[in-house]
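Structure first, then comments.
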Amino acid sequence: MTAVNTDPVAISPSSRVAWERAKRSIGGGVSSGLRGDFQPYPIFVDRAQGPLMWDLDGREFIDYIGAWGPMLLGHSHPDVIAAVAEELPRLQMPGTGHVLEYEAAEAVLGAVPGAEKLLWSNTGTEAVQVALRLARAWSGRNHIVKFTRAYHGWHDSVFASVAEHGEGTRAVAHSKGQNPRVLDDLIVLPFNDTEQAAKTLARAAELDIAAVLIDPILNSGGGVEPDPEFLAVLRQTCTEHGVVLIFDEVVSGFRVARGGAAERWGVTPDLWTLGKALAAGFSQSAVLGRAEIIDQVTVDVYHAGTYNGNPVALAAVKAAMHAYSSPGVYDSLEENAAHLENGVAAAAERTGAPFGVHRVASIMWVYPTRGDDDTADALAIELAARGILLLPRGEMFVSMAHTREVVDRTIVAFEDAFAAVSASNPS
Ligand SMILES: Cc1ncc(COP(=O)(O)O)c(C=O)c1O
């Protein structure tokens with residue numbers, strides 16, 4: 001085991017100073033909820049390239065935060081940056097029409113089999129909101145089925161039963177200040193429970209169910225491979241009972257396959273929501289789906305947003321779609337992610353560290369098999385001290401820029417960090 005300084009002061013000294021300063025002017029010190037949970041503190045990043053980030057002191061880190069999902073191509077992919085740099089001085093925001101709106105739309109629809117049309121918005125949260133409105137208008141019903149532990153954005157209507165197991169099918173609000181009344185319209189079911197889903201959907205008309213909203217890989221629940229039978233039954237019962245099936249592929253889109261979970265598991269929803277990797281690090285999301293459902297916006301469903309279809313973000317979307325279609329990129333992503341999983345699992349075994357490894361495509365979780373959040377935090381600190389960054393609670397986004405060499409360096413750091421955690425917590 002290599003001795004490293006895990007004193008929080010030493011990991012990223014300037015970040016520590018910046019973190020204290022940020023907390024004085026920004027609520028919570030961060031721009032998005034969970035970023036405050038990074039251990040020992042959020043690293044303040046000066047620049048990033050490919051799989052690497054450098055802090056304010058110029059210290060290099062291998063990055064598995066991936067900006068919480070978008071950086072599937074790694075940081076500042078040259079084609080994405082070139083497209084954005086070309087667009088930026090030419091057209092910032094016309095507020096009418098521009099060709100990238102349909103060129104990027106055509107590229108996205110070309111990547112996602114079965115999707116016929118789309119609407120642009122800015123964030124995953126917004127896209128989900130639009131999808132729910134389209135589904136309610138289409139079905140003429142009101143209730144939404146979601147699954148336990150699934151996160152679909154922070155808006156009141158579905159920010160429920162994200163961490164809690166809930167009581168039966170009743171939604172549990174995740175934040176103080178949410179409107180409790182809208183949660184009466186949510187039905188929460190267990191993920192991968194085919195029988196209960198089929199039973200509930202058979203009563204869709206009586207229960208006033210408009211849509212089933214599912215993140216097919218249950219990313220916020222630690223990542224779960226969907227049972228193909230479960231997805232197939234959802235598809236079939238939604239069709240039979242007039243329910244709109246929405247795949248929330250804000251995380252899984254382009255990541256578990258170019259055509260997302262729908263392609264990987266061979267089930268075509270009525271609507272998809274996409275975000276994150278869609279614009280490879282720019283703010284852009286979309287709702288895709290059957291033309292007749294999307295086209296309700298031309299009749300009586302309202303969809304709007306000042307920043308929707310921003311040319312700079314759409315230049316990034318178009319470049320990202322091109323990069324995702326390069327031959328072999330998904331094969332090497334899978335190879336490197338599998339190599340990382342095997343290497344980290346073997347390191348845990350060799351060192352006897354109480355950690356398990358779990359992976360869905362290019363997303364990996366390293367979780368304590370004994371102990372609690374403190375054990376996970378201790379590992380995060382040991383890893384940060386060795387130049388490896390992952391998400392709070394051990395989630396890791398592998399990108400197409402993580403080479404075999406970078407993955408090998410990561411595995412060495414994990415072995416060392418595991419040994420350090422084991423040494424300080426002998427079982
Ligand atoms: C499955 C899923 N849907 C929606 C969202 C919300 O996306 P955004 O953070 O862009 O609003 C997220 C964010 O993590 C997500 O994981």
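Chain labels run A, B, ... following the order of the structure tokens; each chain numbers its residues from 1, and ligands are numbered from 1 in the order shown.
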Let's see if you can do this: from backbone DSSP, list all helix (DSSP H, G or I) residues in segment 199-424 of chain A, as a ChimeraX atom specification.
/A:199-202,204-207,219-221,228-240,260-265,276-279,291-298,311-324,329-351,373-385,392-394,404-424
Just the residues within 6 Å of segment 258-269 of chain A, please, counting only C-alpha atoms, with nothing from its chain fewer than 6 positions along; format it as a compact mmCIF listing (two decimals) with N, CA and C atoms, in the first residue's frame.
```txt
# COMPACT_ATOMS: atom_id res chain seq x y z
N ALA A 111 -30.98 8.17 -34.17
CA ALA A 111 -30.24 7.33 -33.23
C ALA A 111 -31.16 6.49 -32.35
N VAL A 112 -32.41 6.89 -32.23
CA VAL A 112 -33.33 6.22 -31.29
C VAL A 112 -34.44 5.51 -32.08
N LEU A 245 -46.76 4.72 -22.18
CA LEU A 245 -45.52 4.22 -21.56
C LEU A 245 -44.39 5.21 -21.84
N ILE A 246 -43.84 5.78 -20.75
CA ILE A 246 -42.77 6.78 -20.89
C ILE A 246 -41.47 6.18 -20.35
N SER A 252 -30.03 6.84 -18.98
CA SER A 252 -29.67 5.67 -19.80
C SER A 252 -29.53 6.01 -21.29
```
Do you have, as a Markdown table, the list of residues of chain A lying at most 8 Å from ligand 1, each with its nearest atom pair and that distance in Å to one decimal, counting only C-alpha atoms and all ligand atoms and ordered by chain then number?
```
| residue | atom | partner | partner_atom_place_in_ligand_line | distance |
| --- | --- | --- | --- | --- |
| A:Trp68 | CA | ligand 1 | 14 (O) | 7.0 |
| A:Gly69 | CA | ligand 1 | 14 (O) | 7.7 |
| A:Asn122 | CA | ligand 1 | 10 (O) | 7.5 |
| A:Thr123 | CA | ligand 1 | 10 (O) | 3.9 |
| A:Gly124 | CA | ligand 1 | 7 (O) | 3.3 |
| A:Thr125 | CA | ligand 1 | 11 (O) | 3.6 |
| A:Glu126 | CA | ligand 1 | 11 (O) | 6.4 |
| A:Ala127 | CA | ligand 1 | 4 (C) | 7.8 |
| A:Val128 | CA | ligand 1 | 4 (C) | 6.6 |
| A:Ala150 | CA | ligand 1 | 1 (C) | 7.1 |
| A:Tyr151 | CA | ligand 1 | 2 (C) | 5.5 |
| A:His152 | CA | ligand 1 | 3 (N) | 3.6 |
| A:Gly153 | CA | ligand 1 | 6 (C) | 3.7 |
| A:Trp154 | CA | ligand 1 | 6 (C) | 6.9 |
| A:Asp215 | CA | ligand 1 | 1 (C) | 5.3 |
| A:Leu218 | CA | ligand 1 | 1 (C) | 7.4 |
| A:Asn219 | CA | ligand 1 | 16 (O) | 6.5 |
| A:Ser220 | CA | ligand 1 | 16 (O) | 6.5 |
| A:Asp248 | CA | ligand 1 | 1 (C) | 5.5 |
| A:Glu249 | CA | ligand 1 | 1 (C) | 6.0 |
| A:Val250 | CA | ligand 1 | 2 (C) | 4.8 |
| A:Val251 | CA | ligand 1 | 16 (O) | 5.2 |
| A:Ser252 | CA | ligand 1 | 1 (C) | 7.6 |
| A:Thr273 | CA | ligand 1 | 3 (N) | 7.6 |
| A:Gly275 | CA | ligand 1 | 10 (O) | 6.0 |
| A:Lys276 | CA | ligand 1 | 10 (O) | 6.3 |
| A:Ser283 | CA | ligand 1 | 10 (O) | 7.6 |
| A:Ser285 | CA | ligand 1 | 10 (O) | 7.4 |
```
Take the residues just selected and output them with N, CA, C and O atoms as an mmCIF file, in the first residue's frame.
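Generated file (out.cif):
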```
data_model
loop_
_atom_site.group_PDB
_atom_site.id
_atom_site.type_symbol
_atom_site.label_atom_id
_atom_site.label_comp_id
_atom_site.auth_asym_id
_atom_site.auth_seq_id
_atom_site.Cartn_x
_atom_site.Cartn_y
_atom_site.Cartn_z
ATOM 1 N N TRP A 68 -22.292 13.938 -13.486
ATOM 2 C CA TRP A 68 -23.508 13.212 -13.111
ATOM 3 C C TRP A 68 -24.202 12.638 -14.356
ATOM 4 O O TRP A 68 -25.421 12.526 -14.409
ATOM 5 N N GLY A 69 -23.421 12.325 -15.364
ATOM 6 C CA GLY A 69 -23.981 11.606 -16.518
ATOM 7 C C GLY A 69 -23.702 12.173 -17.895
ATOM 8 O O GLY A 69 -23.505 11.413 -18.841
ATOM 9 N N ASN A 122 -34.854 22.087 -21.898
ATOM 10 C CA ASN A 122 -33.499 22.370 -21.396
ATOM 11 C C ASN A 122 -32.928 21.361 -20.417
ATOM 12 O O ASN A 122 -31.738 21.102 -20.419
ATOM 13 N N THR A 123 -33.770 20.828 -19.567
ATOM 14 C CA THR A 123 -33.270 19.906 -18.537
ATOM 15 C C THR A 123 -34.134 18.645 -18.524
ATOM 16 O O THR A 123 -35.267 18.640 -19.036
ATOM 17 N N GLY A 124 -33.611 17.626 -17.867
ATOM 18 C CA GLY A 124 -34.378 16.394 -17.735
ATOM 19 C C GLY A 124 -35.678 16.628 -16.993
ATOM 20 O O GLY A 124 -36.729 16.076 -17.348
ATOM 21 N N THR A 125 -35.600 17.447 -15.958
ATOM 22 C CA THR A 125 -36.795 17.749 -15.165
ATOM 23 C C THR A 125 -37.900 18.318 -16.053
ATOM 24 O O THR A 125 -39.058 17.901 -15.979
ATOM 25 N N GLU A 126 -37.524 19.246 -16.901
ATOM 26 C CA GLU A 126 -38.515 19.854 -17.809
ATOM 27 C C GLU A 126 -39.076 18.830 -18.794
ATOM 28 O O GLU A 126 -40.269 18.822 -19.089
ATOM 29 N N ALA A 127 -38.188 17.996 -19.333
ATOM 30 C CA ALA A 127 -38.640 17.016 -20.332
ATOM 31 C C ALA A 127 -39.669 16.068 -19.725
ATOM 32 O O ALA A 127 -40.675 15.722 -20.354
ATOM 33 N N VAL A 128 -39.417 15.661 -18.467
ATOM 34 C CA VAL A 128 -40.377 14.763 -17.807
ATOM 35 C C VAL A 128 -41.722 15.478 -17.641
ATOM 36 O O VAL A 128 -42.782 14.900 -17.880
ATOM 37 N N ALA A 150 -37.103 5.609 -7.835
ATOM 38 C CA ALA A 150 -36.742 6.249 -9.108
ATOM 39 C C ALA A 150 -36.788 7.761 -8.961
ATOM 40 O O ALA A 150 -37.740 8.309 -8.395
ATOM 41 N N TYR A 151 -35.762 8.412 -9.483
ATOM 42 C CA TYR A 151 -35.699 9.877 -9.517
ATOM 43 C C TYR A 151 -36.009 10.325 -10.937
ATOM 44 O O TYR A 151 -35.424 9.803 -11.896
ATOM 45 N N HIS A 152 -36.914 11.267 -11.066
ATOM 46 C CA HIS A 152 -37.277 11.776 -12.395
ATOM 47 C C HIS A 152 -37.188 13.301 -12.437
ATOM 48 O O HIS A 152 -37.902 13.934 -13.198
ATOM 49 N N GLY A 153 -36.348 13.891 -11.609
ATOM 50 C CA GLY A 153 -36.271 15.350 -11.537
ATOM 51 C C GLY A 153 -36.884 15.829 -10.240
ATOM 52 O O GLY A 153 -37.497 15.063 -9.500
ATOM 53 N N TRP A 154 -36.716 17.115 -9.996
ATOM 54 C CA TRP A 154 -37.043 17.627 -8.662
ATOM 55 C C TRP A 154 -38.410 18.291 -8.574
ATOM 56 O O TRP A 154 -38.772 18.838 -7.526
ATOM 57 N N ASP A 215 -37.644 4.834 -15.269
ATOM 58 C CA ASP A 215 -36.228 4.874 -15.632
ATOM 59 C C ASP A 215 -35.825 3.408 -15.772
ATOM 60 O O ASP A 215 -35.733 2.690 -14.769
ATOM 61 N N LEU A 218 -33.244 2.135 -13.333
ATOM 62 C CA LEU A 218 -33.402 2.580 -11.945
ATOM 63 C C LEU A 218 -32.086 3.139 -11.397
ATOM 64 O O LEU A 218 -31.565 2.710 -10.358
ATOM 65 N N ASN A 219 -31.549 4.108 -12.104
ATOM 66 C CA ASN A 219 -30.230 4.646 -11.769
ATOM 67 C C ASN A 219 -30.150 5.141 -10.323
ATOM 68 O O ASN A 219 -29.196 4.837 -9.607
ATOM 69 N N SER A 220 -31.172 5.883 -9.885
ATOM 70 C CA SER A 220 -31.109 6.458 -8.539
ATOM 71 C C SER A 220 -31.299 5.391 -7.460
ATOM 72 O O SER A 220 -31.011 5.635 -6.293
ATOM 73 N N ASP A 248 -38.064 7.183 -19.125
ATOM 74 C CA ASP A 248 -37.229 8.321 -18.745
ATOM 75 C C ASP A 248 -35.777 7.878 -18.937
ATOM 76 O O ASP A 248 -35.186 7.222 -18.076
ATOM 77 N N GLU A 249 -35.238 8.253 -20.084
ATOM 78 C CA GLU A 249 -33.871 7.839 -20.432
ATOM 79 C C GLU A 249 -32.892 9.012 -20.304
ATOM 80 O O GLU A 249 -31.937 9.115 -21.059
ATOM 81 N N VAL A 250 -33.186 9.877 -19.331
ATOM 82 C CA VAL A 250 -32.287 11.015 -19.101
ATOM 83 C C VAL A 250 -30.879 10.512 -18.750
ATOM 84 O O VAL A 250 -29.885 11.075 -19.190
ATOM 85 N N VAL A 251 -30.799 9.420 -17.998
ATOM 86 C CA VAL A 251 -29.486 8.838 -17.692
ATOM 87 C C VAL A 251 -29.112 7.755 -18.700
ATOM 88 O O VAL A 251 -27.998 7.733 -19.227
ATOM 89 N N SER A 252 -30.031 6.845 -18.981
ATOM 90 C CA SER A 252 -29.669 5.668 -19.803
ATOM 91 C C SER A 252 -29.534 6.011 -21.288
ATOM 92 O O SER A 252 -28.856 5.291 -22.028
ATOM 93 N N THR A 273 -37.910 10.448 -22.515
ATOM 94 C CA THR A 273 -37.280 11.719 -22.156
ATOM 95 C C THR A 273 -35.773 11.509 -22.213
ATOM 96 O O THR A 273 -35.256 10.491 -21.754
ATOM 97 N N GLY A 275 -31.845 13.615 -21.862
ATOM 98 C CA GLY A 275 -31.109 14.791 -21.387
ATOM 99 C C GLY A 275 -29.650 14.376 -21.256
ATOM 100 O O GLY A 275 -29.163 13.551 -22.023
ATOM 101 N N LYS A 276 -28.968 14.903 -20.275
ATOM 102 C CA LYS A 276 -27.590 14.517 -19.956
ATOM 103 C C LYS A 276 -26.726 14.276 -21.201
ATOM 104 O O LYS A 276 -26.326 15.235 -21.846
ATOM 105 N N SER A 283 -26.778 22.238 -21.758
ATOM 106 C CA SER A 283 -28.111 22.074 -21.218
ATOM 107 C C SER A 283 -29.115 21.902 -22.353
ATOM 108 O O SER A 283 -29.463 22.873 -23.037
ATOM 109 N N SER A 285 -32.511 19.076 -23.380
ATOM 110 C CA SER A 285 -33.239 17.822 -23.184
ATOM 111 C C SER A 285 -34.296 17.718 -24.266
ATOM 112 O O SER A 285 -34.505 18.665 -25.041
#
```
Restricting to only C-alpha atoms, whichever of A:Leu73, A:Ile11, A:Ile217, A:Ala313 is closest to Val360 of chain A is A:Ile217
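When the distance limit is 9 Å and only C-alpha atoms are what count, the residues near Ala348 of chain A, minus those fewer than 3 positions from it on the same chain, are Gly343, Val344, Ala345, Thr351, Gly352, Ala353, Pro354, Phe355, Gly356, Val357, Phe414, Glu415, Phe418 and Ala419 of chain A.
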Serialized selection, N, CA and C atoms, as an mmCIF file, in the first residue's frame:
```
data_model
loop_
_atom_site.group_PDB
_atom_site.id
_atom_site.type_symbol
_atom_site.label_atom_id
_atom_site.label_comp_id
_atom_site.auth_asym_id
_atom_site.auth_seq_id
_atom_site.Cartn_x
_atom_site.Cartn_y
_atom_site.Cartn_z
ATOM 1 N N GLY A 343 -11.579 -5.462 -12.483
ATOM 2 C CA GLY A 343 -10.374 -5.058 -11.762
ATOM 3 C C GLY A 343 -10.691 -4.580 -10.352
ATOM 4 N N VAL A 344 -11.740 -3.794 -10.212
ATOM 5 C CA VAL A 344 -12.100 -3.260 -8.879
ATOM 6 C C VAL A 344 -12.632 -4.395 -7.990
ATOM 7 N N ALA A 345 -13.428 -5.296 -8.578
ATOM 8 C CA ALA A 345 -13.957 -6.425 -7.796
ATOM 9 C C ALA A 345 -12.806 -7.310 -7.310
ATOM 10 N N THR A 351 -7.872 -7.520 -1.192
ATOM 11 C CA THR A 351 -7.584 -6.748 0.029
ATOM 12 C C THR A 351 -8.552 -7.087 1.155
ATOM 13 N N GLY A 352 -9.583 -7.876 0.845
ATOM 14 C CA GLY A 352 -10.586 -8.202 1.864
ATOM 15 C C GLY A 352 -11.407 -6.992 2.267
ATOM 16 N N ALA A 353 -11.431 -5.957 1.425
ATOM 17 C CA ALA A 353 -12.187 -4.752 1.769
ATOM 18 C C ALA A 353 -13.688 -5.040 1.630
ATOM 19 N N PRO A 354 -14.491 -4.475 2.528
ATOM 20 C CA PRO A 354 -15.923 -4.791 2.530
ATOM 21 C C PRO A 354 -16.702 -4.015 1.469
ATOM 22 N N PHE A 355 -16.370 -4.252 0.215
ATOM 23 C CA PHE A 355 -17.049 -3.532 -0.859
ATOM 24 C C PHE A 355 -17.446 -4.493 -1.976
ATOM 25 N N GLY A 356 -18.611 -4.208 -2.548
ATOM 26 C CA GLY A 356 -19.056 -4.941 -3.720
ATOM 27 C C GLY A 356 -19.067 -3.995 -4.916
ATOM 28 N N VAL A 357 -19.138 -4.592 -6.095
ATOM 29 C CA VAL A 357 -19.141 -3.807 -7.325
ATOM 30 C C VAL A 357 -20.321 -4.265 -8.169
ATOM 31 N N PHE A 414 -7.675 1.949 -6.601
ATOM 32 C CA PHE A 414 -8.716 1.275 -5.807
ATOM 33 C C PHE A 414 -8.087 0.250 -4.866
ATOM 34 N N GLU A 415 -7.140 -0.524 -5.402
ATOM 35 C CA GLU A 415 -6.530 -1.570 -4.562
ATOM 36 C C GLU A 415 -5.885 -0.940 -3.328
ATOM 37 N N PHE A 418 -8.667 0.491 -1.039
ATOM 38 C CA PHE A 418 -9.332 -0.623 -0.317
ATOM 39 C C PHE A 418 -8.457 -1.086 0.849
ATOM 40 N N ALA A 419 -7.160 -1.232 0.562
ATOM 41 C CA ALA A 419 -6.238 -1.703 1.610
ATOM 42 C C ALA A 419 -6.228 -0.706 2.769
#
```
Name the residues in contact with Val9 of chain A at a cut-off of 12 Å, using only C-alpha atoms, excluding same-chain residues fewer than 6 positions from it; report them as a list in words.
Ser15, Arg16, Val17, Trp19, Gln39, Pro40, Tyr41, Ile43, Ile381, Ala384 and Ala385 of chain A
The residue from A:Arg290, A:Arg35, A:Val406, A:Gly222 with the smallest atom-to-atom distance to Tyr367 of chain A, counting only C-alpha atoms, is A:Gly222
List the spatial neighbours of Arg203 of chain A as a ChimeraX atom specification - criterion: any atom at most 12 Å away, only C-alpha atoms, same-chain residues fewer than 3 positions off excluded.
/A:143,196-200,206-210,237-238,240-243
Any idea what the distance is between atom CA of Asp63 of chain A and atom CA of Arg47 of chain A?
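Pair atom CA of Asp63 of chain A / atom CA of Arg47 of chain A returns 11.7 Å.
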Step one, run DSSP on the backbone; step two, keep only residues of segment 35-77 of chain A assigned to strand (DSSP E or B); then write them as a PyMOL selection string.
chain A and resi 45-50+52-55+60-63+75
Contacts of Pro78 of chain A within 12 Å, only C-alpha atoms, excl. fewer than 3 positions in-chain, as a PyMOL selection string:
chain A and resi 49-50+73-75+81-85+280+316+319-320+323+401
Export, as a PDB file, in the first residue's frame, the selected residues with N, CA and C atoms.
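Output contents, as saved in result_14.pdb:
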```
ATOM      1  N   GLN A  49     -10.342  17.655 -19.271  1.00  0.00           N
ATOM      2  CA  GLN A  49     -10.139  17.196 -20.647  1.00  0.00           C
ATOM      3  C   GLN A  49     -10.258  15.672 -20.666  1.00  0.00           C
ATOM      4  N   GLY A  50     -11.078  15.150 -21.573  1.00  0.00           N
ATOM      5  CA  GLY A  50     -11.238  13.689 -21.662  1.00  0.00           C
ATOM      6  C   GLY A  50     -11.675  13.116 -20.332  1.00  0.00           C
ATOM      7  N   LEU A  73     -18.797  11.381 -23.630  1.00  0.00           N
ATOM      8  CA  LEU A  73     -17.653  11.491 -24.541  1.00  0.00           C
ATOM      9  C   LEU A  73     -16.399  11.954 -23.809  1.00  0.00           C
ATOM     10  N   GLY A  74     -16.483  12.116 -22.505  1.00  0.00           N
ATOM     11  CA  GLY A  74     -15.393  12.737 -21.756  1.00  0.00           C
ATOM     12  C   GLY A  74     -15.541  14.248 -21.824  1.00  0.00           C
ATOM     13  N   HIS A  75     -14.635  14.937 -21.146  1.00  0.00           N
ATOM     14  CA  HIS A  75     -14.724  16.399 -21.095  1.00  0.00           C
ATOM     15  C   HIS A  75     -14.192  17.019 -22.376  1.00  0.00           C
ATOM     16  N   ILE A  81     -16.658  20.648 -28.969  1.00  0.00           N
ATOM     17  CA  ILE A  81     -16.156  22.010 -28.718  1.00  0.00           C
ATOM     18  C   ILE A  81     -16.047  22.781 -30.043  1.00  0.00           C
ATOM     19  N   ALA A  82     -15.597  22.102 -31.100  1.00  0.00           N
ATOM     20  CA  ALA A  82     -15.467  22.779 -32.400  1.00  0.00           C
ATOM     21  C   ALA A  82     -16.843  23.223 -32.901  1.00  0.00           C
ATOM     22  N   ALA A  83     -17.849  22.353 -32.752  1.00  0.00           N
ATOM     23  CA  ALA A  83     -19.194  22.693 -33.228  1.00  0.00           C
ATOM     24  C   ALA A  83     -19.754  23.883 -32.455  1.00  0.00           C
ATOM     25  N   VAL A  84     -19.536  23.872 -31.154  1.00  0.00           N
ATOM     26  CA  VAL A  84     -20.030  24.953 -30.303  1.00  0.00           C
ATOM     27  C   VAL A  84     -19.281  26.259 -30.625  1.00  0.00           C
ATOM     28  N   ALA A  85     -17.963  26.142 -30.807  1.00  0.00           N
ATOM     29  CA  ALA A  85     -17.147  27.333 -31.084  1.00  0.00           C
ATOM     30  C   ALA A  85     -17.528  27.954 -32.422  1.00  0.00           C
ATOM     31  N   ALA A 280     -23.942  16.237 -24.485  1.00  0.00           N
ATOM     32  CA  ALA A 280     -22.541  16.036 -24.104  1.00  0.00           C
ATOM     33  C   ALA A 280     -21.995  17.180 -23.243  1.00  0.00           C
ATOM     34  N   ALA A 316     -24.003  21.208 -30.090  1.00  0.00           N
ATOM     35  CA  ALA A 316     -23.398  20.136 -29.293  1.00  0.00           C
ATOM     36  C   ALA A 316     -24.152  18.826 -29.487  1.00  0.00           C
ATOM     37  N   ALA A 319     -23.186  17.295 -32.850  1.00  0.00           N
ATOM     38  CA  ALA A 319     -21.823  16.740 -32.808  1.00  0.00           C
ATOM     39  C   ALA A 319     -21.790  15.465 -31.963  1.00  0.00           C
ATOM     40  N   ALA A 320     -22.546  15.466 -30.865  1.00  0.00           N
ATOM     41  CA  ALA A 320     -22.569  14.271 -30.005  1.00  0.00           C
ATOM     42  C   ALA A 320     -23.185  13.090 -30.752  1.00  0.00           C
ATOM     43  N   ALA A 323     -20.629  11.686 -32.946  1.00  0.00           N
ATOM     44  CA  ALA A 323     -19.595  10.935 -32.210  1.00  0.00           C
ATOM     45  C   ALA A 323     -20.127   9.581 -31.742  1.00  0.00           C
ATOM     46  N   ALA A 401     -13.960   8.278 -23.202  1.00  0.00           N
ATOM     47  CA  ALA A 401     -12.586   8.808 -23.147  1.00  0.00           C
ATOM     48  C   ALA A 401     -11.732   8.072 -22.114  1.00  0.00           C
TER      49      ALA A 401
END
```
Need the shell around Asp373 of chain A: protein/DNA/RNA residues with any atom at most 12 Å away, counting only C-alpha atoms. Skip same-chain ones fewer than 2 positions apart. Format as a PyMOL selection string?
chain A and resi 37+39+355+366-371+375-380+392-394
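Considering only C-alpha atoms, the residue among A:Leu72, A:Glu106, A:Phe247, A:Ala338 positioned nearest to Asp408 of chain A is A:Ala338.
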With only C-alpha atoms as the basis for distance, which of A:Val158, A:Ser362, A:Leu134, A:Ser175 is at the shortest distance from Gly253 of chain A?
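Of A:Val158, A:Ser362, A:Leu134, A:Ser175, the one nearest Gly253 of chain A is A:Ser362, counting only C-alpha atoms.
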Selected residue of minimal separation from Gly95 of chain A among A:Pro226, A:Gly28, A:Gly387, A:Gly309, counting only C-alpha atoms
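The shortest atom-to-atom distance to Gly95 of chain A comes from A:Gly309.
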